[in-house]
>>> print(open('protein08.txt').read())   # compact mmCIF, C-alpha atoms
# COMPACT_ATOMS: atom_id res chain seq x y z
CA MET A 1 0.00 0.00 0.00
CA ILE A 2 2.66 2.47 1.04
CA LYS A 3 4.67 1.56 -2.08
CA VAL A 4 1.73 2.31 -4.37
CA LEU A 5 1.06 5.63 -2.63
CA SER A 6 4.64 6.72 -2.77
CA TYR A 7 4.69 5.80 -6.46
CA ILE A 8 1.64 7.98 -7.08
CA SER A 9 3.31 10.84 -5.21
CA ILE A 10 6.51 10.45 -7.15
CA ILE A 11 4.81 10.24 -10.53
CA ALA A 12 2.47 13.25 -10.03
CA ILE A 13 4.94 16.03 -10.82
CA PRO A 14 6.65 14.28 -13.79
CA LEU A 15 3.17 13.62 -15.17
CA MET A 16 2.20 17.27 -14.84
CA MET A 17 5.45 18.24 -16.57
CA THR A 18 4.92 15.76 -19.41
CA VAL A 19 1.36 16.91 -20.03
CA ILE A 20 2.43 20.57 -20.19
CA LEU A 21 5.32 19.82 -22.54
CA LEU A 22 3.23 17.58 -24.81
CA HIS A 23 0.51 20.20 -24.98
CA GLY A 24 3.09 22.85 -25.84
CA TRP A 25 4.56 20.61 -28.53
CA VAL A 26 1.21 19.92 -30.14
CA LYS A 27 0.39 23.64 -30.15
CA GLY A 28 3.73 24.42 -31.78
CA VAL A 29 5.14 26.59 -28.98
CA ASN A 30 8.86 27.38 -29.12
CA MET A 31 9.42 25.55 -25.86
CA TYR A 32 13.11 25.98 -25.17
CA ASP A 33 12.95 29.76 -25.54
CA CYS A 34 9.74 29.97 -23.52
CA PHE A 35 11.20 27.86 -20.73
CA VAL A 36 14.34 29.96 -20.44
CA GLU A 37 12.37 33.18 -20.60
CA GLY A 38 10.17 32.05 -17.68
CA ALA A 39 13.02 30.53 -15.70
CA ALA A 40 14.86 33.86 -15.70
CA GLU A 41 12.27 35.05 -13.18
CA GLY A 42 13.22 32.34 -10.67
CA PHE A 43 16.27 34.04 -9.27
CA LYS A 44 14.48 37.36 -8.89
CA THR A 45 11.71 35.73 -6.92
CA SER A 46 14.14 34.01 -4.53
CA ILE A 47 15.97 37.26 -3.89
CA ARG A 48 12.66 39.05 -3.32
CA ILE A 49 11.49 36.61 -0.64
CA MET A 50 14.87 36.29 1.08
CA PRO A 51 14.57 39.25 3.50
CA TYR A 52 11.12 38.03 4.56
CA LEU A 53 12.49 34.57 5.16
CA VAL A 54 15.32 35.96 7.30
CA ALA A 55 12.80 37.97 9.35
CA ILE A 56 10.43 35.08 9.96
CA PHE A 57 13.18 32.52 10.62
CA ILE A 58 14.59 34.76 13.37
CA ALA A 59 11.17 35.25 14.96
CA VAL A 60 10.23 31.56 14.83
CA GLY A 61 13.72 30.56 15.97
CA LEU A 62 13.51 32.85 19.00
CA MET A 63 10.09 31.52 19.95
CA ARG A 64 11.26 27.92 19.76
CA LYS A 65 14.68 28.21 21.36
CA SER A 66 13.63 30.59 24.15
CA GLY A 67 11.13 28.03 25.41
CA PHE A 68 8.13 30.28 24.76
CA ILE A 69 6.30 27.49 23.00
CA ASP A 70 6.53 25.36 26.15
CA TYR A 71 4.81 28.17 28.09
CA LEU A 72 2.19 28.45 25.40
CA ILE A 73 1.52 24.72 25.69
CA ASN A 74 0.95 25.01 29.45
CA LEU A 75 -1.25 28.03 28.91
CA ALA A 76 -3.40 26.37 26.25
CA ASN A 77 -3.74 23.12 28.19
CA PRO A 78 -7.06 23.85 29.97
CA LEU A 79 -8.69 25.19 26.81
CA MET A 80 -7.64 22.17 24.77
CA THR A 81 -8.75 19.66 27.40
CA PHE A 82 -12.04 21.54 27.44
CA VAL A 83 -12.64 20.95 23.70
CA GLY A 84 -11.58 17.31 24.12
CA VAL A 85 -8.01 17.31 22.83
CA PRO A 86 -5.79 14.85 24.75
CA PRO A 87 -2.95 16.77 26.48
CA GLU A 88 -0.33 14.47 24.93
CA VAL A 89 -0.83 15.95 21.47
CA LEU A 90 -0.87 19.57 22.63
CA PRO A 91 2.77 20.34 21.78
CA LEU A 92 2.01 19.31 18.21
CA VAL A 93 -1.14 21.44 18.04
CA ILE A 94 0.81 24.54 19.09
CA MET A 95 3.92 23.86 17.03
CA ARG A 96 2.17 22.89 13.78
CA PRO A 97 1.22 26.40 12.58
CA ILE A 98 4.54 27.88 13.72
CA SER A 99 7.18 25.53 12.34
CA GLY A 100 6.93 22.52 10.07
CA SER A 101 10.27 20.97 11.00
CA GLY A 102 9.58 21.57 14.70
CA ALA A 103 6.23 19.82 14.37
CA LEU A 104 7.80 16.85 12.60
CA ALA A 105 10.30 16.45 15.44
CA ILE A 106 7.46 16.47 17.98
CA LEU A 107 5.49 13.93 15.94
CA ARG A 108 8.52 11.65 15.86
CA ASP A 109 8.77 11.84 19.66
CA ILE A 110 5.07 11.13 20.11
CA LEU A 111 5.16 8.13 17.74
CA ASN A 112 8.20 6.72 19.52
CA SER A 113 6.85 7.15 23.04
CA TYR A 114 3.18 6.19 22.53
CA GLY A 115 3.53 3.91 19.49
CA PRO A 116 2.37 4.77 15.96
CA ASP A 117 -0.73 2.56 16.19
CA SER A 118 -1.95 3.87 19.54
CA PHE A 119 -4.84 6.31 19.58
CA ILE A 120 -2.47 9.16 20.46
CA GLY A 121 -0.12 8.12 17.65
CA ARG A 122 -2.86 7.99 15.05
CA LEU A 123 -4.44 11.22 16.25
CA SER A 124 -1.17 13.14 16.12
CA SER A 125 -0.40 11.75 12.65
CA THR A 126 -3.83 12.88 11.49
CA MET A 127 -3.27 16.34 12.95
CA MET A 128 0.09 16.61 11.26
CA GLY A 129 -1.41 15.57 7.93
CA SER A 130 -4.38 17.91 8.05
CA ALA A 131 -2.65 21.19 8.87
CA GLU A 132 0.06 23.45 7.53
CA THR A 133 2.56 26.00 8.78
CA ILE A 134 0.86 29.40 8.86
CA PHE A 135 3.35 32.13 9.80
CA TYR A 136 6.05 31.06 7.40
CA THR A 137 3.65 30.67 4.46
CA MET A 138 2.11 34.08 5.12
CA ALA A 139 5.52 35.77 5.37
CA VAL A 140 6.75 34.25 2.11
CA TYR A 141 3.58 34.74 0.06
CA PHE A 142 2.95 38.29 1.24
CA GLY A 143 6.63 39.15 1.03
CA SER A 144 6.96 37.98 -2.55
CA VAL A 145 4.50 40.63 -3.77
CA GLY A 146 5.23 43.24 -1.12
CA VAL A 147 1.81 43.22 0.54
CA LYS A 148 1.95 44.70 4.04
CA LYS A 149 -1.56 44.37 5.45
CA GLY A 150 -2.88 40.82 5.76
CA ARG A 151 -6.41 41.77 6.92
CA HIS A 152 -8.37 38.66 7.88
CA THR A 153 -5.89 36.11 6.54
CA LEU A 154 -4.37 35.17 9.91
CA GLY A 155 -7.74 35.05 11.66
CA ALA A 156 -9.30 32.79 9.06
CA ALA A 157 -6.19 30.59 8.97
CA LEU A 158 -6.28 30.14 12.76
CA ILE A 159 -10.00 29.32 12.67
CA SER A 160 -9.26 26.74 9.98
CA HIS A 161 -6.41 25.33 12.09
CA LEU A 162 -8.63 25.02 15.16
CA ALA A 163 -11.27 23.32 13.02
CA SER A 164 -8.70 20.82 11.75
CA ILE A 165 -7.68 19.93 15.33
CA ILE A 166 -11.23 19.39 16.51
CA ALA A 167 -12.10 17.50 13.31
CA ALA A 168 -9.05 15.26 13.80
CA VAL A 169 -10.14 14.45 17.37
CA VAL A 170 -13.73 13.75 16.32
CA VAL A 171 -12.83 11.65 13.28
CA CYS A 172 -10.16 9.64 15.13
CA THR A 173 -12.41 9.05 18.13
CA TYR A 174 -15.10 7.79 15.80
CA LEU A 175 -12.89 5.59 13.64
CA PHE A 176 -10.14 4.39 16.01
CA LEU A 177 -11.74 4.10 19.45
CA MET B 1 2.45 41.28 10.13
CA ASN B 2 4.43 44.07 11.80
CA ILE B 3 2.88 43.63 15.23
CA ILE B 4 3.03 39.84 15.13
CA TRP B 5 6.69 39.91 14.19
CA ILE B 6 7.68 42.41 16.88
CA LEU B 7 5.74 40.42 19.47
CA MET B 8 7.37 37.15 18.48
CA ILE B 9 10.85 38.72 18.72
CA PHE B 10 10.29 40.55 22.01
CA ILE B 11 8.63 37.62 23.73
CA GLY B 12 11.45 35.36 22.57
CA ILE B 13 14.16 37.73 23.85
CA ILE B 14 12.45 38.40 27.19
CA ILE B 15 11.85 34.74 27.92
CA ALA B 16 15.36 33.75 26.92
CA VAL B 17 16.81 36.39 29.25
CA VAL B 18 14.44 35.71 32.15
CA THR B 19 15.05 31.96 32.03
CA GLY B 20 18.79 32.64 32.09
CA LYS B 21 19.82 31.55 28.61
CA PRO B 22 20.51 34.72 26.63
CA GLU B 23 23.07 32.81 24.58
CA VAL B 24 20.25 31.20 22.55
CA ILE B 25 19.46 34.64 21.12
CA ASN B 26 22.92 34.86 19.57
CA ASP B 27 22.61 31.31 18.42
CA VAL B 28 19.29 32.03 16.68
CA ILE B 29 20.60 35.20 15.04
CA ILE B 30 23.62 33.43 13.60
CA HIS B 31 22.04 30.16 12.56
CA GLU B 32 18.49 31.02 11.52
CA THR B 33 19.57 33.88 9.24
CA GLY B 34 21.91 31.49 7.46
CA GLU B 35 19.14 28.91 7.24
CA ALA B 36 16.81 31.47 5.68
CA VAL B 37 19.31 32.39 2.99
CA THR B 38 20.11 28.74 2.28
CA PHE B 39 16.41 28.06 1.97
CA ALA B 40 15.80 30.95 -0.43
CA ILE B 41 18.78 29.97 -2.58
CA GLY B 42 17.69 26.34 -2.49
CA LEU B 43 14.30 27.38 -3.78
CA THR B 44 15.80 29.18 -6.79
CA GLY B 45 16.28 26.06 -8.91
CA ILE B 46 12.80 24.63 -8.49
CA MET B 47 11.39 28.13 -8.84
CA SER B 48 13.10 28.64 -12.19
CA PHE B 49 11.93 25.23 -13.34
CA TRP B 50 8.25 25.90 -12.62
CA LEU B 51 8.30 29.47 -13.87
CA GLY B 52 9.82 28.17 -17.13
CA LEU B 53 7.23 25.43 -17.41
CA MET B 54 4.41 27.84 -16.54
CA ASN B 55 5.55 30.14 -19.32
CA ILE B 56 5.19 27.28 -21.80
CA ALA B 57 1.82 26.36 -20.36
CA LYS B 58 0.68 29.95 -20.68
CA LYS B 59 1.75 30.33 -24.30
CA SER B 60 0.34 26.95 -25.37
CA GLY B 61 -3.06 27.77 -23.89
CA PHE B 62 -2.83 24.93 -21.35
CA ILE B 63 -3.43 27.21 -18.39
CA SER B 64 -6.47 28.86 -19.92
CA SER B 65 -8.03 25.45 -20.61
CA ILE B 66 -7.55 24.33 -16.97
CA THR B 67 -8.91 27.68 -15.90
CA LYS B 68 -12.00 27.24 -18.02
CA SER B 69 -12.74 23.75 -16.73
CA MET B 70 -12.50 24.95 -13.11
CA THR B 71 -14.78 27.97 -13.58
CA PRO B 72 -17.75 26.61 -11.53
CA ILE B 73 -15.54 26.29 -8.43
CA THR B 74 -13.34 29.30 -8.93
CA ARG B 75 -16.27 31.62 -9.61
CA TYR B 76 -17.48 30.95 -6.07
CA LEU B 77 -14.08 30.96 -4.34
CA PHE B 78 -12.48 33.83 -6.21
CA PRO B 79 -15.32 35.98 -7.58
CA GLU B 80 -13.03 39.00 -8.00
CA VAL B 81 -10.75 37.31 -10.52
CA PRO B 82 -11.86 37.43 -14.17
CA PRO B 83 -12.69 33.85 -15.27
CA ASN B 84 -9.88 33.63 -17.81
CA HIS B 85 -7.15 35.26 -15.76
CA PRO B 86 -3.80 33.37 -15.59
CA ALA B 87 -3.89 33.66 -11.76
CA ILE B 88 -6.55 30.94 -11.67
CA GLY B 89 -4.33 28.51 -13.58
CA ALA B 90 -1.40 29.15 -11.25
CA MET B 91 -3.60 28.72 -8.17
CA MET B 92 -5.00 25.43 -9.48
CA MET B 93 -1.52 24.07 -10.23
CA ASN B 94 -0.36 25.15 -6.78
CA MET B 95 -3.20 23.13 -5.26
CA VAL B 96 -2.36 20.08 -7.35
CA ALA B 97 1.30 20.26 -6.29
CA ASN B 98 0.17 20.63 -2.67
CA MET B 99 -2.11 17.61 -2.95
CA PHE B 100 0.82 15.43 -3.93
CA GLY B 101 3.07 16.81 -1.25
CA ALA B 102 5.46 18.55 -3.62
CA GLY B 103 6.10 21.40 -1.17
CA ASN B 104 8.74 23.41 -3.04
CA SER B 105 6.96 23.10 -6.38
CA ALA B 106 3.78 24.25 -4.67
CA THR B 107 5.57 27.27 -3.23
CA ALA B 108 6.96 28.22 -6.64
CA LEU B 109 3.53 27.96 -8.27
CA GLY B 110 1.87 29.72 -5.33
CA LEU B 111 4.22 32.68 -5.59
CA LYS B 112 3.50 32.87 -9.32
CA ALA B 113 -0.21 32.97 -8.48
CA MET B 114 0.39 35.77 -5.95
CA GLU B 115 2.25 37.76 -8.60
CA GLU B 116 -0.70 37.42 -10.98
CA LEU B 117 -3.15 38.34 -8.22
CA GLN B 118 -1.11 41.40 -7.30
CA LYS B 119 -1.60 42.68 -10.88
CA LEU B 120 -5.35 42.79 -10.16
CA ASN B 121 -4.84 44.52 -6.81
CA THR B 122 -5.81 48.17 -6.64
CA ASP B 123 -4.08 48.86 -3.32
CA LYS B 124 -0.70 47.13 -3.62
CA MET B 125 -0.06 47.29 0.14
CA VAL B 126 -3.22 45.48 1.20
CA VAL B 127 -4.21 41.86 0.67
CA THR B 128 -7.20 41.29 -1.61
CA ASN B 129 -10.06 38.94 -0.70
CA THR B 130 -8.81 36.55 -3.35
CA MET B 131 -5.28 36.44 -1.92
CA ALA B 132 -6.61 35.81 1.58
CA MET B 133 -8.88 33.03 0.34
CA PHE B 134 -6.10 31.44 -1.69
CA LEU B 135 -3.70 31.51 1.26
CA VAL B 136 -6.22 30.14 3.73
CA ILE B 137 -7.05 27.22 1.42
CA ASN B 138 -3.34 26.71 0.89
CA MET B 139 -2.62 26.72 4.63
CA SER B 140 -5.45 24.38 5.50
CA SER B 141 -3.41 21.67 3.75
CA ILE B 142 -5.02 19.76 0.93
CA GLN B 143 -2.42 17.02 0.83
CA ILE B 144 -3.73 13.60 -0.24
CA ILE B 145 -0.62 11.55 0.43
CA PRO B 146 1.36 12.75 3.45
CA LEU B 147 4.51 10.85 2.53
CA THR B 148 6.73 12.22 5.32
CA ILE B 149 4.22 11.21 7.97
CA LEU B 150 3.80 7.73 6.47
CA LYS B 151 7.59 7.36 6.52
CA LEU B 152 7.79 8.45 10.18
CA ARG B 153 5.02 6.02 11.09
CA SER B 154 6.58 3.05 9.36
CA ASP B 155 9.97 3.94 10.89
CA ALA B 156 8.31 3.86 14.31
CA GLY B 157 7.15 0.31 13.57
CA SER B 158 3.53 0.85 12.57
CA VAL B 159 1.68 -2.23 11.28
CA ASN B 160 -0.52 -0.07 9.13
CA PRO B 161 1.06 3.33 8.50
CA THR B 162 -1.51 4.34 5.89
CA ASP B 163 -4.62 4.11 8.07
CA ILE B 164 -4.30 7.78 8.92
CA ILE B 165 -4.76 8.90 5.30
CA ILE B 166 -8.53 8.77 5.40
CA THR B 167 -8.74 10.53 8.77
CA SER B 168 -6.31 13.21 7.53
CA ILE B 169 -8.37 13.80 4.41
CA LEU B 170 -11.60 14.06 6.42
CA ALA B 171 -10.03 16.50 8.89
CA THR B 172 -8.56 18.52 6.01
CA ILE B 173 -11.93 18.79 4.29
CA VAL B 174 -13.48 20.12 7.50
CA SER B 175 -10.67 22.61 8.07
CA THR B 176 -10.76 23.82 4.46
CA ILE B 177 -14.53 24.36 4.65
CA PHE B 178 -14.14 26.27 7.91
CA GLY B 179 -11.33 28.33 6.41
CA VAL B 180 -13.38 29.21 3.32
CA VAL B 181 -16.45 30.12 5.36
CA ALA B 182 -14.35 32.16 7.83
CA CYS B 183 -12.82 34.04 4.90
CA LYS B 184 -16.19 34.76 3.34
CA ILE B 185 -17.54 36.06 6.64
CA LEU B 186 -14.48 38.07 7.68
CA GLU B 187 -13.75 39.61 4.29
CA GLY B 188 -16.81 41.87 4.50
CA ARG B 189 -15.30 43.77 7.42
CA LYS B 190 -12.78 46.47 6.59
>>> encode(input="protein08.txt", output="structure tokens")
Amino acid sequence: MIKVLSYISIIAIPLMMTVILLHGWVKGVNMYDCFVEGAAEGFKTSIRIMPYLVAIFIAVGLMRKSGFIDYLINLANPLMTFVGVPPEVLPLVIMRPISGSGALAILRDILNSYGPDSFIGRLSSTMMGSAETIFYTMAVYFGSVGVKKGRHTLGAALISHLASIIAAVVVCTYLFL
Amino acid sequence: MNIIWILMIFIGIIIAVVTGKPEVINDVIIHETGEAVTFAIGLTGIMSFWLGLMNIAKKSGFISSITKSMTPITRYLFPEVPPNHPAIGAMMMNMVANMFGAGNSATALGLKAMEELQKLNTDKMVVTNTMAMFLVINMSSIQIIPLTILKLRSDAGSVNPTDIIITSILATIVSTIFGVVACKILEGRK
């Protein structure tokens, strides 16, 4: 099963590429020149997002290394227990929107200490798979076009994140318990 | 963004100092800045690749045909974008790349979409409803095959690493719906 899935994942991008190239060929597009012309923009985009990446990496780094996230976890504990989230997965819930690599490290710990097939293990895997990093994505996407005011983006993203946590708890309770 | 950033920095510094480990601040400044630059440079190759491919897809009419076929959905989600605008094509391809867990490709395509959306923006400093909606959908994760998680699970000795796929997809659907609804409700307020 996992082999088939990883094959599908691996083949998706090459397939997309082939379809685009075949389509271009059939339509008689001068593909080499077009490709190079578009690719020239790549470097500019990287340079444009670099300062935003530096800014957000410092902020996220400080929050992680200073131990602030641990405080946040203790602070959020009563609220999360109230909505039915087991306290064991709380570090993951807090870390997930802040840092993807940090969340992966936490997931690895949880899987090793509670077992991947335990309820906690399955729940935390589900949470990891149904959410994304928020702050980093916002910084990069806004930064790339120079937008300064995000309006309701963060609010809606956090609502969506909270919904994914609660949905993960409900779905896992229903299917795995 | 400004306030959030300042808060994150100040809180980090204060806590590091209060808990008696100010050295982590130096550590973060030195290492994380380097990481950020490495990351941006690392993204350049894949970025160039997708921007090149997108240029072909644009000229061949591939993007406008995807755009057309998605009109029923995109008209509801992104009513402010003209139906045949190239931004729609870039957003759709970003979502496809996201679904298959191709993170860097998705970022490249997503930034292309933002660039197209910014052309439609009347106030270049402020996010449009479309950008907010696109980002929220993007951040609610629409990944079908979470390969990294499956790998972690099988490394930890799971008998059935893939049994979380269906629960992840269900939870993602819920979070995406909530995100879309939250956007629609919140976007009315100025």
>>> residues_around(input="protein08.txt", residues="stretch 27-29 of chain A", least_positions_apart="4", cutoff="12 Å", atoms="only C-alpha atoms", output="VMD selection string")
(chain A and resid 20 to 23 33 to 35) or (chain B and resid 53 55 to 62)
>>> closest_residue(input="protein08.txt", among="B:Leu51, B:Val18, B:Met91, B:Ile73", to="chain A", atoms="all atoms listed in the file")
B:Leu51
>>> residues_around(input="protein08.txt", residues="B:Val28", least_positions_apart="2", cutoff="8 Å", atoms="only C-alpha atoms", output="JSON, numbers by chain")
{"A": [58, 61, 62, 65], "B": [24, 25, 26, 30, 31, 32, 33]}
>>> interface_residues(input="protein08.txt", of="chain B", to="chain A", cutoff="6 Å", atoms="all atoms listed in the file", output="PyMOL selection string")
chain B and resi 8-9+12+15-16+28+32-33+36+40+44+47-49+51-53+55-57+60+100+125-127+132+136+139-141+146+153+156+158+164+168+171-172+175+178-179+182-183
>>> write_last_selection(input="protein08.txt", atoms="C-alpha atoms", output="PDB file, in the frame of the given file")
ATOM      1  CA  MET B   8       7.370  37.150  18.480  1.00  0.00           C
ATOM      2  CA  ILE B   9      10.850  38.720  18.720  1.00  0.00           C
ATOM      3  CA  GLY B  12      11.450  35.360  22.570  1.00  0.00           C
ATOM      4  CA  ILE B  15      11.850  34.740  27.920  1.00  0.00           C
ATOM      5  CA  ALA B  16      15.360  33.750  26.920  1.00  0.00           C
ATOM      6  CA  VAL B  28      19.290  32.030  16.680  1.00  0.00           C
ATOM      7  CA  GLU B  32      18.490  31.020  11.520  1.00  0.00           C
ATOM      8  CA  THR B  33      19.570  33.880   9.240  1.00  0.00           C
ATOM      9  CA  ALA B  36      16.810  31.470   5.680  1.00  0.00           C
ATOM     10  CA  ALA B  40      15.800  30.950  -0.430  1.00  0.00           C
ATOM     11  CA  THR B  44      15.800  29.180  -6.790  1.00  0.00           C
ATOM     12  CA  MET B  47      11.390  28.130  -8.840  1.00  0.00           C
ATOM     13  CA  SER B  48      13.100  28.640 -12.190  1.00  0.00           C
ATOM     14  CA  PHE B  49      11.930  25.230 -13.340  1.00  0.00           C
ATOM     15  CA  LEU B  51       8.300  29.470 -13.870  1.00  0.00           C
ATOM     16  CA  GLY B  52       9.820  28.170 -17.130  1.00  0.00           C
ATOM     17  CA  LEU B  53       7.230  25.430 -17.410  1.00  0.00           C
ATOM     18  CA  ASN B  55       5.550  30.140 -19.320  1.00  0.00           C
ATOM     19  CA  ILE B  56       5.190  27.280 -21.800  1.00  0.00           C
ATOM     20  CA  ALA B  57       1.820  26.360 -20.360  1.00  0.00           C
ATOM     21  CA  SER B  60       0.340  26.950 -25.370  1.00  0.00           C
ATOM     22  CA  PHE B 100       0.820  15.430  -3.930  1.00  0.00           C
ATOM     23  CA  MET B 125      -0.060  47.290   0.140  1.00  0.00           C
ATOM     24  CA  VAL B 126      -3.220  45.480   1.200  1.00  0.00           C
ATOM     25  CA  VAL B 127      -4.210  41.860   0.670  1.00  0.00           C
ATOM     26  CA  ALA B 132      -6.610  35.810   1.580  1.00  0.00           C
ATOM     27  CA  VAL B 136      -6.220  30.140   3.730  1.00  0.00           C
ATOM     28  CA  MET B 139      -2.620  26.720   4.630  1.00  0.00           C
ATOM     29  CA  SER B 140      -5.450  24.380   5.500  1.00  0.00           C
ATOM     30  CA  SER B 141      -3.410  21.670   3.750  1.00  0.00           C
ATOM     31  CA  PRO B 146       1.360  12.750   3.450  1.00  0.00           C
ATOM     32  CA  ARG B 153       5.020   6.020  11.090  1.00  0.00           C
ATOM     33  CA  ALA B 156       8.310   3.860  14.310  1.00  0.00           C
ATOM     34  CA  SER B 158       3.530   0.850  12.570  1.00  0.00           C
ATOM     35  CA  ILE B 164      -4.300   7.780   8.920  1.00  0.00           C
ATOM     36  CA  SER B 168      -6.310  13.210   7.530  1.00  0.00           C
ATOM     37  CA  ALA B 171     -10.030  16.500   8.890  1.00  0.00           C
ATOM     38  CA  THR B 172      -8.560  18.520   6.010  1.00  0.00           C
ATOM     39  CA  SER B 175     -10.670  22.610   8.070  1.00  0.00           C
ATOM     40  CA  PHE B 178     -14.140  26.270   7.910  1.00  0.00           C
ATOM     41  CA  GLY B 179     -11.330  28.330   6.410  1.00  0.00           C
ATOM     42  CA  ALA B 182     -14.350  32.160   7.830  1.00  0.00           C
ATOM     43  CA  CYS B 183     -12.820  34.040   4.900  1.00  0.00           C
TER      44      CYS B 183
END
>>> atom_distance(input="protein08.txt", atom1="atom CA of A:Leu75", atom2="atom CA of A:Ser101")
22.4 Å
>>> residues_around(input="protein08.txt", residues="B:Ala113", least_positions_apart="6", cutoff="10 Å", atoms="all atoms listed in the file", output="ChimeraX atom specification")
/A:141 /B:86-94,107,131,134
>>> atom_distance(input="protein08.txt", atom1="atom CA of B:Leu147", atom2="atom CA of B:Gly103")
11.3 Å
>>> atom_distance(input="protein08.txt", atom1="atom CA of B:Lys184", atom2="atom CA of B:Ile3")
24.2 Å
>>> residues_around(input="protein08.txt", residues="B:Val180", least_positions_apart="4", cutoff="7 Å", atoms="only C-alpha atoms", output="PDB file with C-alpha atoms, keeping the file's coordinate frame")
ATOM      1  CA  MET B 133      -8.880  33.030   0.340  1.00  0.00           C
ATOM      2  CA  ILE B 137      -7.050  27.220   1.420  1.00  0.00           C
ATOM      3  CA  THR B 176     -10.760  23.820   4.460  1.00  0.00           C
ATOM      4  CA  LYS B 184     -16.190  34.760   3.340  1.00  0.00           C
TER       5      LYS B 184
END
>>> closest_residue(input="protein08.txt", among="B:Thr162, B:Thr128, B:Thr148, B:Thr38", to="B:Gly101", atoms="all atoms listed in the file")
B:Thr148
>>> closest_residue(input="protein08.txt", among="B:Ser154, B:Gln143, B:Asn129, B:Gln118", to="B:Ile173", atoms="all atoms listed in the file")
B:Gln143
